Amino acid sequence: MDSIEKTKPVGLLEENQIAEFIHHARELEHPRELIIDILRAIQKNHGWVPDEGIELTATILGLTPLEVEEIATFYDKIFRRPVGRFPIHICDSICCWTRGGEGVAAYFQQQLGIEFGQTTEDGMFTLLPSCCLGGCGRAPGVMIDHNFYGELTPDKVDRLLADLRQEVQA
Amino acid sequence: MPTLTIDNQKITVPEGKTVLEAAEELGIQVPHFCYHKELGAVGACRMCAVTVQEGSSKGLKMSCLIPAEDGMVVTTDDEQSTTFRDRVGEWLMLNHPHDCPVCDEGGECQLQEMTIASGHGVRRYAGQKRTYNNQDLGPFVAQEMNRCIQCYRCVRTYQDYCGGRDFGVMGSRNRVFFGRFQDGTLESDFSGNIVDVCPTGVLTDKTYRFKSRYWDLQEAPSVCPHCSLGCATIPGGRFHELQRVRSGENQLVNGFFICDRGRFGSGYVNHPERPRQARNNEQLIGMDEALRQLDVEARGLIEQHGPEAVLLLGSERTSLEANWLLQQWAKKLGCREPVLAAHGPRHQAAQVVAFDLSDRLASLEQVRGSDLVLVAGADPLAEAPMLAVALRQVVRSGGQVIVYDPRPVELPCEFDHQALSPLALLDFLTAGGSDGQHVRELLQHAESPILVGGADLLGVEGLQRLKKMSLELSNDQRPCLIYPLLSNPNSFGAALLSLPEQDDLLTRLETGRVKMLVCLESDPLLEAPESDRFSVALTKLDKLVVLDYLPTPLSVHANLFIPTRTPVESDGTFINNEGRLRSYAGVLEPGLPISVAEDGGHPPREFSTVSPGSDPLSASRILQILLKDDSSLVELHQQMVADFPRLAGLTGLTPSDAGVRVADAAARNVVNIDLPEQPVGTLQLIVSPARYGSDLLSRYSDKLEPRFSSAWVMMNSQDAAERGLQEGDKVILDTETGSFCLPMICHPQLAAGCALVENSAALASLVPGAGISYCEVSREVSHE
């Protein structure tokens, strides 16, 4: 436990979360199964996963930081750099593309004044391209905070951004 | 055994071989990157495409992935295959920098070869290339990620094969990165292998950076002199400097890989203080004069004082030939037979291996193929690193490794560890209570069980017990073989040549009848226990003669010093730990390297017909001169075989061979060893070799300095607590050799009742393999 105390930066995981993960890992034949769960918990608390989060995960699971980093960097929904309050995953796969996805993406960029991979100056939005989100029937679509928004038009995008801004102010 | 046709040629290959391997046997080179003989195929690079014209699945296929089938017809040079491979070549080159002239891999780059072979010459892609920030991977490996073609060979070698856990692959798609979590030295003891397997210049040898182009290097097949396993290496030298060592291939021994100690431990050849000229006391003399003086004085002393007056000391690191010639010289001089190893107990243990165990020795290949290995009294990473990698292969293929050793042994795989003190270990080997019974039952039921035994810790007694165990566990269906670990590259050879039960070095020196001691590539001050006793014995000599290639302390004391050649500067033979004759070829002529001369500045501007520092002769050549013998190496081998029929394998042996086993010997009488009684309140002393810097060659290799460890004494946490000691305390370690003031470290996995120290430059006077002995650890009394 000593080493966990040393690597635990404030705000990544709650004490009871750490205890729970350690308990759970002991019951598993392959504790590395829990990598994603722990990274997502850290991301939920902290917004993104800093190096200390990788090290904390490694310590909890008895792995090397590299072994955690291999998984963390494979998935584009785990953020290894700071992102805005709302990361917007814009689908760039085929169904959305046939239904005007490129136009929607361009509209997001124009409205927010940022390109893919960038965050707005107020720290509200980050634009990210994503592979298929499984919402093909409602293409073109984006995912924000685990919610899918489909059949997007410039109007709907305006309303969506306004709602999200309001949500933060409220 | 399927028979198939590749490019109109028929070949029959064993079941399970792939089309790529079958083509290779026919001499048809199918371009490939990700496939590697030892690592297998992953089908990642798409380079080895061929077309299956007839077979269960026709069309364009990756030849590394499809097994050869009977009646299959394959073409490698048809339009479809060549066009596909062209495209793949072009695609792999998309991001690759066109920087071959400044890339260290240039000239031995598989990507360069395959690109040229596939005919891709002009880049069509005009876009931006993908670039990376490189990491600092430590002193051994340089990284240049922009050149990466994502074959995954490095990570398959580092993680999968060698068990390293701090280097891997991150990211996905076109942004994968092969490296560490953060900058830092690669932790694995086998890190250098990723340099050998990288097909392009991403991972290169940092210690060899920008020294030579491959075609300017002199290379030859050699044998690693850093432990007793005898792994195949290919040293490369230029300008009298040994610039690098890469791994050779020997399927019976190391396979494809070597350890970092072998790869980066070559600095002793270029050591700035390496003695390169003969010397009579302070006066430098020529080689002819030195050999004349040696001959005349040895004869004179024997005439005057009798056969005891001259004592010849051979060595476990000198070649088999030199040790044998030393015996011949003794006969000619009329003095008593030479002692072939300074370290008496190690030498006796090696004799048990060379004689009593000779009919039941396993090869490292057999270890890799075993399903259950019991490691008794051995720490593979310290004593024989490539054994650790072999044990990993046992576990990878579903086998089990059980270690019984007092030390907190680490291995790059999962294993069971029981920490037993050296005395308890001996008991375990004979009876061992219920635990011993359980292990025996497991071994009984194993298909190909192997017992690994470290000669240093087990000693004569333990090895004999291991043999008894092996006899009991062997049955009609299969033997239970032994894989012993010895200390030096030719420990087995020196033991094989030695007369059994002769007096050891110190006993003979202390009679006072020895007037002249001739040490051939041996320094008992560093390589044997009881260096104090040896120092005293030295004062009784009239003359100390040292022949060596290392700047050892003894060479400084020598009245007559004669420089010899390192193994990379001479031809010779070692016998490895399992009795395999392994011959090596000289790579370089000796000489002062330009990088060392004049502090690395301009070479001397004097004209001379000989290069500076080129005096050293090989130990065997020196002895042949003394014997006035002009035999070639082949003739020498014939004489040796006539003298020692067990060495029959020497006939026709060449350095590129995998090596031949020596013939079995009749077992000798079992000698009972009395173990010293343990005084009350003492701890059992364990002296283990440090992973780096215990063998003399790596100790004199500057490249390995970052890996050298400091001196400490380790205790079990409970033993420490009983003595009121805490981690980091300065303690006094009282041993038979003397007292040492050391920092103490605690480890819960060290056997109770033991104190562990590591032999290295930092603690040179405690030498491993000296037998069971006891010590006390107490708090340092402050003088304030």
# chains A, B, ... in the order shown; residues from 1 in each chain; ligands from 1
$ select_by_dssp --residues "chain A" --states "strand (DSSP E)" --output "compact mmCIF listing (two decimals) with C-alpha atoms, in the first residue's frame"
# COMPACT_ATOMS: atom_id res chain seq x y z
CA PHE A 86 -17.33 18.06 -23.67
CA PRO A 87 -15.22 15.94 -26.03
CA ILE A 88 -17.27 15.64 -29.23
CA HIS A 89 -16.66 12.38 -31.11
CA ILE A 90 -17.69 12.95 -34.72
CA CYS A 91 -18.29 9.77 -36.65
CA PHE A 125 -15.35 21.55 -26.36
CA THR A 126 -12.79 19.22 -27.95
CA LEU A 127 -13.39 17.91 -31.47
CA LEU A 128 -12.32 14.37 -32.20
CA PRO A 129 -12.87 12.14 -35.23
CA SER A 130 -14.22 8.72 -34.37
CA VAL A 142 -21.79 12.46 -32.82
CA MET A 143 -21.21 11.17 -29.30
CA ILE A 144 -20.89 13.48 -26.31
CA ASN A 147 -24.97 10.24 -25.41
CA PHE A 148 -25.54 9.79 -29.13
CA TYR A 149 -27.01 12.69 -31.15
$ interface_residues --of "chain A" --to "chain B" --cutoff "9 Å" --atoms "only C-alpha atoms" --output "PDB file with C-alpha atoms, in the first residue's frame"
ATOM      1  CA  ASP A  51       0.884   9.862 -16.379  1.00  0.00           C
ATOM      2  CA  LEU A  63       1.677  -4.340 -13.838  1.00  0.00           C
ATOM      3  CA  THR A  64       4.364  -2.099 -15.287  1.00  0.00           C
ATOM      4  CA  PRO A  65       3.283   1.402 -16.432  1.00  0.00           C
ATOM      5  CA  LEU A  66       4.196   0.345 -19.979  1.00  0.00           C
ATOM      6  CA  GLU A  67       1.724  -2.529 -19.849  1.00  0.00           C
ATOM      7  CA  VAL A  68      -1.049  -0.100 -18.894  1.00  0.00           C
ATOM      8  CA  GLU A  69       0.084   2.515 -21.414  1.00  0.00           C
ATOM      9  CA  GLU A  70      -0.098  -0.053 -24.235  1.00  0.00           C
ATOM     10  CA  ILE A  71      -3.822  -0.397 -23.561  1.00  0.00           C
ATOM     11  CA  ALA A  72      -4.484   3.254 -22.702  1.00  0.00           C
ATOM     12  CA  THR A  73      -3.025   4.559 -25.962  1.00  0.00           C
ATOM     13  CA  PHE A  74      -4.757   1.947 -28.103  1.00  0.00           C
ATOM     14  CA  TYR A  75      -8.241   3.321 -27.426  1.00  0.00           C
ATOM     15  CA  ASP A  76      -9.201   6.788 -28.632  1.00  0.00           C
TER      16      ASP A  76
END
$ atom_distance --atom1 "CA of Leu12 in chain A" --atom2 "CA of Gly53 in chain A"
6.7 Å
$ select_by_dssp --residues "chain A" --states "helix (DSSP H, G or I)" --output "ChimeraX atom specification"
/A:2-7,15-26,31-46,51-61,65-72,94-98,101-112,136-138,154-169
$ closest_residue --among "B:Lys17, B:Arg346, B:Arg699, B:His747" --to "Leu763 in chain B" --atoms "only C-alpha atoms"
B:Arg699
$ residues_around --residues "Asp158 in chain A" --least-positions-apart "5" --cutoff "9 Å" --atoms "only C-alpha atoms" --output "list in words"
Phe108, Gln111, Thr153 and Asp163 of chain A
$ atom_distance --atom1 "CA of Asp523 in chain B" --atom2 "CA of Ala558 in chain B"
10.9 Å
$ atom_distance --atom1 "CA of Gly399 in chain B" --atom2 "CA of Pro449 in chain B"
9.8 Å
